[in-house]
>>> print(open('work-v7.txt').read())   # compact mmCIF, C-alpha atoms
# COMPACT_ATOMS: atom_id res chain seq x y z
CA MET J 1 92.51 125.17 89.13
CA LEU J 2 89.75 124.96 91.75
CA ARG J 3 86.07 125.58 91.23
CA ARG J 4 84.51 128.43 93.12
CA TRP J 5 83.18 127.26 96.47
CA GLU J 6 79.55 127.68 95.44
CA LYS J 7 80.18 125.53 92.33
CA LEU J 8 81.32 122.52 94.34
CA PRO J 9 78.93 119.56 94.66
CA GLN J 10 76.49 120.21 97.49
CA GLU J 11 77.84 117.34 99.57
CA MET J 12 81.30 118.98 99.53
CA GLN J 13 80.14 122.41 100.70
CA THR J 14 80.70 121.66 104.37
CA GLU J 15 82.78 123.16 107.16
CA GLU J 16 84.97 120.05 107.19
CA VAL J 17 85.90 120.49 103.52
CA ARG J 18 86.21 124.29 103.71
CA LYS J 19 89.40 124.06 105.77
CA TYR J 20 91.19 122.14 103.03
CA TYR J 21 89.64 124.20 100.24
CA ASP J 22 91.04 127.41 101.74
CA VAL J 23 94.52 125.85 101.91
CA LEU J 24 94.46 124.80 98.25
CA LYS J 25 92.96 128.08 97.09
CA LYS J 26 96.13 129.85 98.24
CA LYS J 27 98.28 127.53 96.12
CA LYS J 28 97.02 128.25 92.61
CA CYS J 29 100.55 128.44 91.21
CA GLY J 30 101.41 125.01 92.59
CA LEU J 31 98.19 123.53 91.18
CA PHE J 32 98.95 125.03 87.76
CA PHE J 33 102.45 123.54 87.63
CA LYS J 34 101.07 120.24 88.92
CA ARG J 35 98.81 119.97 85.86
CA VAL J 36 101.51 121.09 83.42
CA PHE J 37 103.88 118.52 84.92
CA ASP J 38 101.22 115.80 84.59
CA ILE J 39 100.65 116.54 80.89
CA VAL J 40 104.29 116.82 79.85
CA VAL J 41 105.69 113.90 81.86
CA SER J 42 102.81 111.51 81.13
CA ALA J 43 103.08 112.23 77.38
CA LEU J 44 106.82 111.55 77.38
CA MET J 45 106.44 108.38 79.45
CA LEU J 46 103.68 107.04 77.21
CA ILE J 47 106.00 107.38 74.21
CA VAL J 48 109.02 105.85 75.96
CA LEU J 49 107.06 102.98 77.51
CA SER J 50 105.03 102.08 74.41
CA PRO J 51 107.16 98.92 73.75
CA VAL J 52 106.51 97.78 77.34
CA PHE J 53 102.78 98.34 76.81
CA LEU J 54 102.89 96.09 73.74
CA ILE J 55 104.81 93.30 75.52
CA LEU J 56 102.45 93.34 78.50
CA ALA J 57 99.40 93.31 76.26
CA ILE J 58 100.64 90.20 74.42
CA ALA J 59 101.58 88.42 77.67
CA ILE J 60 98.17 89.11 79.24
CA LYS J 61 96.27 87.83 76.19
CA ILE J 62 98.36 84.65 76.03
CA ASP J 63 98.03 83.96 79.76
CA SER J 64 94.25 84.18 80.15
CA LYS J 65 91.01 84.98 78.38
CA GLY J 66 89.70 88.51 78.58
CA PRO J 67 90.60 92.08 77.64
CA VAL J 68 94.07 93.58 78.06
CA PHE J 69 92.79 96.47 80.16
CA TYR J 70 90.66 96.36 83.25
CA ARG J 71 88.30 99.35 83.26
CA GLN J 72 86.72 99.64 86.67
CA VAL J 73 84.60 102.64 87.68
CA ARG J 74 86.39 104.86 90.21
CA VAL J 75 85.78 108.30 91.69
CA THR J 76 87.98 111.34 91.10
CA LYS J 77 87.85 115.15 91.48
CA TYR J 78 84.51 116.59 92.66
CA GLY J 79 83.05 113.09 92.89
CA LYS J 80 83.13 112.52 89.13
CA GLN J 81 83.15 108.87 88.10
CA PHE J 82 85.56 107.55 85.47
CA ARG J 83 86.77 104.19 84.19
CA ILE J 84 90.36 103.71 85.28
CA PHE J 85 92.97 102.11 83.00
CA LYS J 86 94.81 99.13 84.46
CA PHE J 87 96.49 96.17 82.84
CA ARG J 88 94.34 93.18 83.76
CA SER J 89 96.11 91.09 86.41
CA MET J 90 93.16 88.91 87.44
CA ILE J 91 90.80 86.53 85.71
CA ASN J 92 88.07 88.16 83.65
CA ASN J 93 85.11 89.45 85.70
CA ALA J 94 87.01 88.96 88.96
CA ASP J 95 85.05 91.75 90.64
CA LYS J 96 81.84 89.78 90.09
CA ILE J 97 83.04 86.65 91.91
CA GLY J 98 84.69 88.07 94.99
CA ALA J 99 85.34 91.07 97.21
CA GLN J 100 86.10 94.51 95.78
CA VAL J 101 89.35 94.46 97.74
CA THR J 102 92.30 92.28 96.74
CA VAL J 103 94.43 90.40 99.29
CA ASN J 104 97.97 89.11 98.77
CA ASN J 105 97.14 85.48 97.92
CA ASP J 106 93.97 86.13 95.97
CA ALA J 107 93.18 83.08 93.81
CA ARG J 108 91.75 85.36 91.10
CA ILE J 109 95.21 86.72 90.21
CA THR J 110 96.66 85.20 87.03
CA LYS J 111 100.25 84.00 86.55
CA VAL J 112 101.21 87.06 84.53
CA GLY J 113 99.18 89.13 86.97
CA LYS J 114 101.35 88.08 89.90
CA PHE J 115 104.44 89.33 88.10
CA ILE J 116 103.04 92.63 86.89
CA ARG J 117 101.47 93.38 90.30
CA LYS J 118 104.75 92.64 92.07
CA CYS J 119 106.54 95.09 89.77
CA ARG J 120 103.55 97.47 89.79
CA LEU J 121 103.44 97.27 86.01
CA ASP J 122 99.65 96.86 86.11
CA GLU J 123 99.38 100.55 86.95
CA ILE J 124 101.64 102.12 84.32
CA CYS J 125 98.75 102.48 81.86
CA GLN J 126 97.26 104.97 84.31
CA LEU J 127 99.56 107.38 82.47
CA ILE J 128 96.63 107.57 80.05
CA ASP J 129 94.39 108.77 82.87
CA VAL J 130 97.02 111.30 83.99
CA PHE J 131 97.31 112.70 80.47
CA ARG J 132 93.53 112.94 80.16
CA GLY J 133 93.26 114.73 83.50
CA THR J 134 91.07 112.16 85.24
CA MET J 135 94.05 111.37 87.47
CA THR J 136 97.27 113.02 88.62
CA PHE J 137 100.65 111.53 89.48
CA VAL J 138 100.36 112.24 93.22
CA GLY J 139 97.05 112.23 95.01
CA THR J 140 94.59 110.11 96.96
CA ARG J 141 94.20 106.70 95.36
CA PRO J 142 90.81 106.46 93.57
CA GLU J 143 88.14 104.40 95.30
CA VAL J 144 85.12 102.64 93.85
CA PRO J 145 81.77 104.44 94.41
CA LYS J 146 80.63 102.01 97.14
CA TYR J 147 83.56 103.06 99.33
CA VAL J 148 83.22 106.77 98.54
CA ASP J 149 79.65 106.47 99.80
CA LYS J 150 81.19 105.59 103.18
CA TYR J 151 83.33 108.75 103.34
CA THR J 152 82.95 111.02 106.33
CA PRO J 153 82.35 114.74 105.62
CA GLU J 154 86.07 115.39 106.16
CA MET J 155 87.15 112.60 103.80
CA MET J 156 85.20 114.34 101.03
CA ALA J 157 87.97 116.97 100.99
CA THR J 158 90.22 114.49 99.15
CA LEU J 159 87.91 114.95 96.14
CA LEU J 160 89.06 118.55 95.74
CA LEU J 161 91.93 117.22 93.62
CA PRO J 162 92.12 114.46 91.01
CA ALA J 163 92.76 110.91 92.19
CA GLY J 164 96.42 109.92 92.18
CA VAL J 165 98.61 107.15 90.82
CA THR J 166 100.63 107.20 94.05
CA SER J 167 100.53 108.91 97.40
CA LEU J 168 102.35 109.12 100.69
CA SER J 169 99.74 106.85 102.23
CA SER J 170 100.55 104.17 99.63
CA ILE J 171 104.19 104.34 100.65
CA LEU J 172 103.87 104.61 104.41
CA TYR J 173 100.75 102.66 105.28
CA LYS J 174 101.97 99.12 105.71
CA ASP J 175 99.23 97.39 107.68
CA GLU J 176 96.62 97.02 104.94
CA SER J 177 97.64 93.62 103.61
CA LYS J 178 97.99 92.15 107.10
CA LEU J 179 94.54 93.35 108.16
CA LEU J 180 92.82 92.22 104.98
CA ASP J 181 94.54 88.82 104.75
CA ALA J 182 93.23 87.94 108.21
CA ALA J 183 89.72 89.32 107.67
CA GLU J 184 86.64 87.16 107.24
CA ASP J 185 84.71 90.09 105.75
CA VAL J 186 87.29 91.97 103.67
CA ASP J 187 84.96 94.79 102.64
CA ALA J 188 83.85 95.49 106.20
CA VAL J 189 87.41 95.60 107.54
CA TYR J 190 88.52 97.84 104.70
CA VAL J 191 85.77 100.39 105.43
CA SER J 192 86.03 100.32 109.23
CA GLU J 193 89.79 100.01 109.75
CA VAL J 194 91.86 100.51 106.60
CA LEU J 195 90.11 103.42 104.91
CA PRO J 196 90.11 105.76 107.96
CA LYS J 197 93.82 105.21 108.60
CA LYS J 198 94.78 105.83 104.98
CA MET J 199 92.64 108.95 104.90
CA GLN J 200 94.61 110.41 107.81
CA TYR J 201 97.67 110.47 105.54
CA ASN J 202 95.69 111.77 102.57
CA LEU J 203 94.15 114.66 104.50
CA GLU J 204 97.52 115.63 105.96
CA ALA J 205 98.92 115.66 102.42
CA LEU J 206 96.20 118.11 101.39
CA GLU J 207 97.10 120.44 104.24
CA LYS J 208 100.77 120.35 103.23
CA PHE J 209 100.18 120.41 99.47
CA GLY J 210 103.00 121.72 97.31
CA PHE J 211 104.32 120.99 93.82
CA TRP J 212 107.78 120.01 95.07
CA SER J 213 106.23 117.81 97.75
CA ASP J 214 104.52 115.90 94.94
CA VAL J 215 107.82 115.46 93.13
CA LYS J 216 109.37 114.14 96.33
CA VAL J 217 106.58 111.56 96.72
CA MET J 218 107.14 110.40 93.14
CA PHE J 219 110.82 109.74 93.81
CA MET J 220 109.96 108.03 97.10
CA THR J 221 107.59 105.73 95.22
CA VAL J 222 110.29 104.73 92.74
CA PHE J 223 112.79 104.03 95.52
CA ALA J 224 110.20 102.08 97.56
CA VAL J 225 109.46 99.81 94.59
CA LEU J 226 113.21 99.27 94.18
CA GLY J 227 113.49 98.18 97.81
CA LYS J 228 114.11 101.27 99.92
CA GLU J 229 112.49 101.32 103.35
CA TYR J 230 110.56 104.30 104.65
CA LYS J 231 109.36 104.95 108.17
CA ASP J 232 106.60 107.27 109.26
CA ASN J 233 107.74 109.53 112.08
CA ARG J 234 104.70 108.37 114.00
CA GLU J 235 105.69 104.73 113.65
CA GLU J 236 108.59 102.83 115.17
CA LYS J 237 108.91 99.96 112.72
CA PRO J 238 110.17 100.68 109.16
CA MET J 239 108.17 99.60 106.16
CA HIS J 240 109.62 97.00 103.80
CA SER J 241 109.02 97.43 100.10
CA GLU J 242 107.46 93.97 99.79
CA GLU J 243 104.69 95.16 102.11
CA LEU J 244 103.84 98.02 99.76
CA VAL J 245 100.29 97.57 98.48
CA SER J 246 100.15 98.29 94.78
CA GLU J 247 96.38 98.47 94.56
CA GLU J 248 93.77 98.16 97.25
CA ILE J 249 90.73 97.58 95.05
CA VAL J 250 90.09 94.62 92.76
CA GLU J 251 92.66 94.74 89.95
>>> encode(input="work-v7.txt", output="structure tokens")
Amino acid sequence: MLRRWEKLPQEMQTEEVRKYYDVLKKKKCGLFFKRVFDIVVSALMLIVLSPVFLILAIAIKIDSKGPVFYRQVRVTKYGKQFRIFKFRSMINNADKIGAQVTVNNDARITKVGKFIRKCRLDEICQLIDVFRGTMTFVGTRPEVPKYVDKYTPEMMATLLLPAGVTSLSSILYKDESKLLDAAEDVDAVYVSEVLPKKMQYNLEALEKFGFWSDVKVMFMTVFAVLGKEYKDNREEKPMHSEELVSEEIVE
């Protein structure tokens, strides 16, 4: 499920990435079952949740002008760009009238958007991306190209696998909203403070990759949304579910 080393993009053929590549190369079986799981589960969930998709689509259209889906360009495996599926939770063209990062009390969020973001329903249409293979259930959250351009050589290792709907960093990293809400320059703070800290979790997840670890993260995500608190062993204070950031980039 991995390209041969010499087939990787040139910017990924570095010593920093090689360490993570060698770890994943030994886990071909886990990568195979990861993809099979993505296809089967996403297909079933798309069928089961189709009535919810219809209800959300109607509510979004009634609430504000604009398309049902928000299709922003993100970056996934091997640096490939794709247009992510998200239910639109902000006013149309929100990314053209503000920062690329969304804070808690962002005025661009619509009434319906506040509800679907709180329940993380804006992200369920990413099941389409999982089925297509542009995303996976568990992996590093996809960034926009302007932030990927700021990656260090080591951060590029996260592009060895598809971008994810959820991740351990999404569950455990609780300081993002606080830092961004207080920032005068949201983009600058995100790149200099938030992104490096989140990438620490993402890179550790690559080193410890395993199919069953992914399944565990999926269950943790469900429980976190329902209110369960999780604490990183490196942190003293537990994380509350209301601090969980559903999406760090606009929409």
>>> closest_atom_pairs(input="work-v7.txt", of="region 144-214 of chain J", to="region 5-11 of chain J", cutoff="9 Å", atoms="only C-alpha atoms", output="Markdown table")
| residue | atom | partner | partner_atom | distance |
| --- | --- | --- | --- | --- |
| J:Pro153 | CA | J:Glu11 | CA | 8.0 |
| J:Met156 | CA | J:Glu11 | CA | 8.1 |
| J:Leu160 | CA | J:Leu8 | CA | 8.8 |
>>> closest_residue(input="work-v7.txt", among="J:Met12, J:Ala57, J:Leu46, J:Ala163", to="Gln81 (chain J)", atoms="only C-alpha atoms")
J:Ala163
>>> closest_residue(input="work-v7.txt", among="J:Ile171, J:Thr136, J:Phe53, J:Arg18", to="Lys231 (chain J)", atoms="only C-alpha atoms")
J:Ile171
>>> closest_residue(input="work-v7.txt", among="J:Arg74, J:Phe82, J:Glu207, J:Thr140", to="Lys19 (chain J)", atoms="only C-alpha atoms")
J:Glu207
>>> closest_residue(input="work-v7.txt", among="J:Leu2, J:Pro142, J:Gln13, J:Ile58", to="Lys27 (chain J)", atoms="all atoms listed in the file")
J:Leu2
>>> closest_residue(input="work-v7.txt", among="J:Val75, J:Gly30, J:Glu15, J:Lys25", to="Asp149 (chain J)", atoms="all atoms listed in the file")
J:Val75
>>> atom_distance(input="work-v7.txt", atom1="CA of Ile84 (chain J)", atom2="CA of Lys26 (chain J)")
29.7 Å
>>> closest_residue(input="work-v7.txt", among="J:Gly113, J:Gly66, J:Gly133, J:Gly79", to="Ile39 (chain J)", atoms="all atoms listed in the file")
J:Gly133
>>> atom_distance(input="work-v7.txt", atom1="CA of Phe69 (chain J)", atom2="CA of Arg88 (chain J)")
5.1 Å
>>> residues_near_point(input="work-v7.txt", point="(102.9, 115.0, 82.2)", cutoff="10 Å", atoms="all atoms listed in the file", output="number ranges by chain")
J: 34-46, 127-128, 130-133, 136-137
>>> atom_distance(input="work-v7.txt", atom1="CA of Leu172 (chain J)", atom2="CA of Tyr201 (chain J)")
8.6 Å
>>> decode(input="work-v7.txt", residues="region 18-55 of chain J", atoms="N, CA, C and O atoms", output="PDB file, in the first residue's frame")
ATOM      1  N   ARG J  18      12.309   9.025   5.932  1.00  0.00           N
ATOM      2  CA  ARG J  18      12.710   7.615   5.785  1.00  0.00           C
ATOM      3  C   ARG J  18      12.429   6.811   7.047  1.00  0.00           C
ATOM      4  O   ARG J  18      12.016   5.641   6.973  1.00  0.00           O
ATOM      5  N   LYS J  19      12.627   7.401   8.210  1.00  0.00           N
ATOM      6  CA  LYS J  19      12.386   6.700   9.467  1.00  0.00           C
ATOM      7  C   LYS J  19      10.948   6.200   9.561  1.00  0.00           C
ATOM      8  O   LYS J  19      10.695   5.049   9.947  1.00  0.00           O
ATOM      9  N   TYR J  20      10.008   7.036   9.186  1.00  0.00           N
ATOM     10  CA  TYR J  20       8.593   6.678   9.259  1.00  0.00           C
ATOM     11  C   TYR J  20       8.201   5.747   8.113  1.00  0.00           C
ATOM     12  O   TYR J  20       7.361   4.857   8.286  1.00  0.00           O
ATOM     13  N   TYR J  21       8.808   5.937   6.970  1.00  0.00           N
ATOM     14  CA  TYR J  21       8.552   5.069   5.818  1.00  0.00           C
ATOM     15  C   TYR J  21       8.936   3.621   6.143  1.00  0.00           C
ATOM     16  O   TYR J  21       8.190   2.683   5.838  1.00  0.00           O
ATOM     17  N   ASP J  22      10.081   3.436   6.775  1.00  0.00           N
ATOM     18  CA  ASP J  22      10.546   2.090   7.115  1.00  0.00           C
ATOM     19  C   ASP J  22       9.615   1.414   8.119  1.00  0.00           C
ATOM     20  O   ASP J  22       9.418   0.193   8.079  1.00  0.00           O
ATOM     21  N   VAL J  23       9.031   2.203   9.025  1.00  0.00           N
ATOM     22  CA  VAL J  23       8.073   1.648   9.994  1.00  0.00           C
ATOM     23  C   VAL J  23       6.827   1.150   9.272  1.00  0.00           C
ATOM     24  O   VAL J  23       6.353   0.027   9.492  1.00  0.00           O
ATOM     25  N   LEU J  24       6.282   1.975   8.395  1.00  0.00           N
ATOM     26  CA  LEU J  24       5.053   1.622   7.677  1.00  0.00           C
ATOM     27  C   LEU J  24       5.272   0.489   6.679  1.00  0.00           C
ATOM     28  O   LEU J  24       4.371  -0.325   6.445  1.00  0.00           O
ATOM     29  N   LYS J  25       6.447   0.426   6.102  1.00  0.00           N
ATOM     30  CA  LYS J  25       6.744  -0.609   5.122  1.00  0.00           C
ATOM     31  C   LYS J  25       6.644  -2.007   5.740  1.00  0.00           C
ATOM     32  O   LYS J  25       6.322  -2.989   5.052  1.00  0.00           O
ATOM     33  N   LYS J  26       6.904  -2.108   7.028  1.00  0.00           N
ATOM     34  CA  LYS J  26       6.842  -3.393   7.722  1.00  0.00           C
ATOM     35  C   LYS J  26       5.410  -3.773   8.114  1.00  0.00           C
ATOM     36  O   LYS J  26       5.189  -4.852   8.655  1.00  0.00           O
ATOM     37  N   LYS J  27       4.468  -2.878   7.838  1.00  0.00           N
ATOM     38  CA  LYS J  27       3.089  -3.109   8.278  1.00  0.00           C
ATOM     39  C   LYS J  27       2.128  -3.145   7.096  1.00  0.00           C
ATOM     40  O   LYS J  27       1.043  -2.554   7.125  1.00  0.00           O
ATOM     41  N   LYS J  28       2.520  -3.862   6.052  1.00  0.00           N
ATOM     42  CA  LYS J  28       1.706  -3.948   4.844  1.00  0.00           C
ATOM     43  C   LYS J  28       0.346  -4.574   5.118  1.00  0.00           C
ATOM     44  O   LYS J  28      -0.669  -4.177   4.540  1.00  0.00           O
ATOM     45  N   CYS J  29       0.320  -5.570   5.984  1.00  0.00           N
ATOM     46  CA  CYS J  29      -0.947  -6.250   6.298  1.00  0.00           C
ATOM     47  C   CYS J  29      -1.919  -5.266   6.960  1.00  0.00           C
ATOM     48  O   CYS J  29      -3.097  -5.205   6.614  1.00  0.00           O
ATOM     49  N   GLY J  30      -1.403  -4.501   7.920  1.00  0.00           N
ATOM     50  CA  GLY J  30      -2.238  -3.517   8.593  1.00  0.00           C
ATOM     51  C   GLY J  30      -2.756  -2.465   7.639  1.00  0.00           C
ATOM     52  O   GLY J  30      -3.916  -2.045   7.724  1.00  0.00           O
ATOM     53  N   LEU J  31      -1.924  -2.021   6.698  1.00  0.00           N
ATOM     54  CA  LEU J  31      -2.341  -1.024   5.712  1.00  0.00           C
ATOM     55  C   LEU J  31      -3.409  -1.581   4.779  1.00  0.00           C
ATOM     56  O   LEU J  31      -4.341  -0.869   4.378  1.00  0.00           O
ATOM     57  N   PHE J  32      -3.280  -2.869   4.438  1.00  0.00           N
ATOM     58  CA  PHE J  32      -4.278  -3.509   3.572  1.00  0.00           C
ATOM     59  C   PHE J  32      -5.640  -3.548   4.262  1.00  0.00           C
ATOM     60  O   PHE J  32      -6.664  -3.160   3.687  1.00  0.00           O
ATOM     61  N   PHE J  33      -5.664  -4.018   5.517  1.00  0.00           N
ATOM     62  CA  PHE J  33      -6.931  -4.093   6.249  1.00  0.00           C
ATOM     63  C   PHE J  33      -7.494  -2.711   6.549  1.00  0.00           C
ATOM     64  O   PHE J  33      -8.713  -2.540   6.638  1.00  0.00           O
ATOM     65  N   LYS J  34      -6.622  -1.738   6.684  1.00  0.00           N
ATOM     66  CA  LYS J  34      -7.075  -0.352   6.893  1.00  0.00           C
ATOM     67  C   LYS J  34      -7.907   0.112   5.703  1.00  0.00           C
ATOM     68  O   LYS J  34      -8.977   0.688   5.875  1.00  0.00           O
ATOM     69  N   ARG J  35      -7.432  -0.177   4.488  1.00  0.00           N
ATOM     70  CA  ARG J  35      -8.162   0.243   3.289  1.00  0.00           C
ATOM     71  C   ARG J  35      -9.451  -0.553   3.110  1.00  0.00           C
ATOM     72  O   ARG J  35     -10.494   0.010   2.751  1.00  0.00           O
ATOM     73  N   VAL J  36      -9.411  -1.848   3.352  1.00  0.00           N
ATOM     74  CA  VAL J  36     -10.615  -2.665   3.250  1.00  0.00           C
ATOM     75  C   VAL J  36     -11.666  -2.171   4.243  1.00  0.00           C
ATOM     76  O   VAL J  36     -12.852  -2.029   3.908  1.00  0.00           O
ATOM     77  N   PHE J  37     -11.233  -1.892   5.452  1.00  0.00           N
ATOM     78  CA  PHE J  37     -12.135  -1.375   6.487  1.00  0.00           C
ATOM     79  C   PHE J  37     -12.761  -0.057   6.032  1.00  0.00           C
ATOM     80  O   PHE J  37     -13.970   0.152   6.179  1.00  0.00           O
ATOM     81  N   ASP J  38     -11.939   0.839   5.483  1.00  0.00           N
ATOM     82  CA  ASP J  38     -12.442   2.134   5.014  1.00  0.00           C
ATOM     83  C   ASP J  38     -13.542   1.961   3.968  1.00  0.00           C
ATOM     84  O   ASP J  38     -14.590   2.621   4.033  1.00  0.00           O
ATOM     85  N   ILE J  39     -13.322   1.072   3.013  1.00  0.00           N
ATOM     86  CA  ILE J  39     -14.290   0.887   1.925  1.00  0.00           C
ATOM     87  C   ILE J  39     -15.599   0.310   2.453  1.00  0.00           C
ATOM     88  O   ILE J  39     -16.689   0.834   2.173  1.00  0.00           O
ATOM     89  N   VAL J  40     -15.501  -0.771   3.216  1.00  0.00           N
ATOM     90  CA  VAL J  40     -16.700  -1.467   3.682  1.00  0.00           C
ATOM     91  C   VAL J  40     -17.511  -0.602   4.649  1.00  0.00           C
ATOM     92  O   VAL J  40     -18.730  -0.427   4.487  1.00  0.00           O
ATOM     93  N   VAL J  41     -16.854  -0.034   5.647  1.00  0.00           N
ATOM     94  CA  VAL J  41     -17.572   0.733   6.672  1.00  0.00           C
ATOM     95  C   VAL J  41     -18.120   2.042   6.102  1.00  0.00           C
ATOM     96  O   VAL J  41     -19.254   2.429   6.418  1.00  0.00           O
ATOM     97  N   SER J  42     -17.358   2.730   5.271  1.00  0.00           N
ATOM     98  CA  SER J  42     -17.857   3.986   4.697  1.00  0.00           C
ATOM     99  C   SER J  42     -19.061   3.732   3.799  1.00  0.00           C
ATOM    100  O   SER J  42     -20.022   4.520   3.796  1.00  0.00           O
ATOM    101  N   ALA J  43     -19.057   2.640   3.033  1.00  0.00           N
ATOM    102  CA  ALA J  43     -20.185   2.309   2.163  1.00  0.00           C
ATOM    103  C   ALA J  43     -21.446   2.045   2.990  1.00  0.00           C
ATOM    104  O   ALA J  43     -22.532   2.553   2.674  1.00  0.00           O
ATOM    105  N   LEU J  44     -21.294   1.265   4.044  1.00  0.00           N
ATOM    106  CA  LEU J  44     -22.441   0.964   4.910  1.00  0.00           C
ATOM    107  C   LEU J  44     -22.974   2.221   5.589  1.00  0.00           C
ATOM    108  O   LEU J  44     -24.192   2.439   5.661  1.00  0.00           O
ATOM    109  N   MET J  45     -22.063   3.074   6.058  1.00  0.00           N
ATOM    110  CA  MET J  45     -22.489   4.284   6.756  1.00  0.00           C
ATOM    111  C   MET J  45     -23.154   5.278   5.811  1.00  0.00           C
ATOM    112  O   MET J  45     -24.096   5.976   6.196  1.00  0.00           O
ATOM    113  N   LEU J  46     -22.696   5.339   4.578  1.00  0.00           N
ATOM    114  CA  LEU J  46     -23.322   6.226   3.601  1.00  0.00           C
ATOM    115  C   LEU J  46     -24.772   5.811   3.343  1.00  0.00           C
ATOM    116  O   LEU J  46     -25.660   6.662   3.195  1.00  0.00           O
ATOM    117  N   ILE J  47     -25.010   4.512   3.306  1.00  0.00           N
ATOM    118  CA  ILE J  47     -26.368   4.009   3.091  1.00  0.00           C
ATOM    119  C   ILE J  47     -27.246   4.303   4.303  1.00  0.00           C
ATOM    120  O   ILE J  47     -28.353   4.839   4.182  1.00  0.00           O
ATOM    121  N   VAL J  48     -26.745   3.992   5.487  1.00  0.00           N
ATOM    122  CA  VAL J  48     -27.516   4.171   6.724  1.00  0.00           C
ATOM    123  C   VAL J  48     -27.803   5.649   6.996  1.00  0.00           C
ATOM    124  O   VAL J  48     -28.890   6.013   7.446  1.00  0.00           O
ATOM    125  N   LEU J  49     -26.826   6.510   6.714  1.00  0.00           N
ATOM    126  CA  LEU J  49     -26.961   7.930   7.050  1.00  0.00           C
ATOM    127  C   LEU J  49     -27.559   8.777   5.924  1.00  0.00           C
ATOM    128  O   LEU J  49     -27.658   9.994   6.069  1.00  0.00           O
ATOM    129  N   SER J  50     -27.967   8.148   4.840  1.00  0.00           N
ATOM    130  CA  SER J  50     -28.522   8.917   3.721  1.00  0.00           C
ATOM    131  C   SER J  50     -29.713   9.803   4.123  1.00  0.00           C
ATOM    132  O   SER J  50     -29.820  10.942   3.638  1.00  0.00           O
ATOM    133  N   PRO J  51     -30.628   9.360   5.019  1.00  0.00           N
ATOM    134  CA  PRO J  51     -31.708  10.263   5.446  1.00  0.00           C
ATOM    135  C   PRO J  51     -31.177  11.490   6.187  1.00  0.00           C
ATOM    136  O   PRO J  51     -31.716  12.588   6.035  1.00  0.00           O
ATOM    137  N   VAL J  52     -30.124  11.319   6.981  1.00  0.00           N
ATOM    138  CA  VAL J  52     -29.519  12.444   7.695  1.00  0.00           C
ATOM    139  C   VAL J  52     -28.909  13.423   6.698  1.00  0.00           C
ATOM    140  O   VAL J  52     -29.028  14.644   6.851  1.00  0.00           O
ATOM    141  N   PHE J  53     -28.270  12.901   5.657  1.00  0.00           N
ATOM    142  CA  PHE J  53     -27.696  13.748   4.617  1.00  0.00           C
ATOM    143  C   PHE J  53     -28.793  14.629   3.999  1.00  0.00           C
ATOM    144  O   PHE J  53     -28.592  15.831   3.775  1.00  0.00           O
ATOM    145  N   LEU J  54     -29.939  14.033   3.718  1.00  0.00           N
ATOM    146  CA  LEU J  54     -31.035  14.764   3.086  1.00  0.00           C
ATOM    147  C   LEU J  54     -31.556  15.872   4.002  1.00  0.00           C
ATOM    148  O   LEU J  54     -31.771  17.006   3.562  1.00  0.00           O
ATOM    149  N   ILE J  55     -31.745  15.554   5.285  1.00  0.00           N
ATOM    150  CA  ILE J  55     -32.249  16.538   6.254  1.00  0.00           C
ATOM    151  C   ILE J  55     -31.273  17.708   6.392  1.00  0.00           C
ATOM    152  O   ILE J  55     -31.675  18.875   6.408  1.00  0.00           O
TER     153      ILE J  55
END
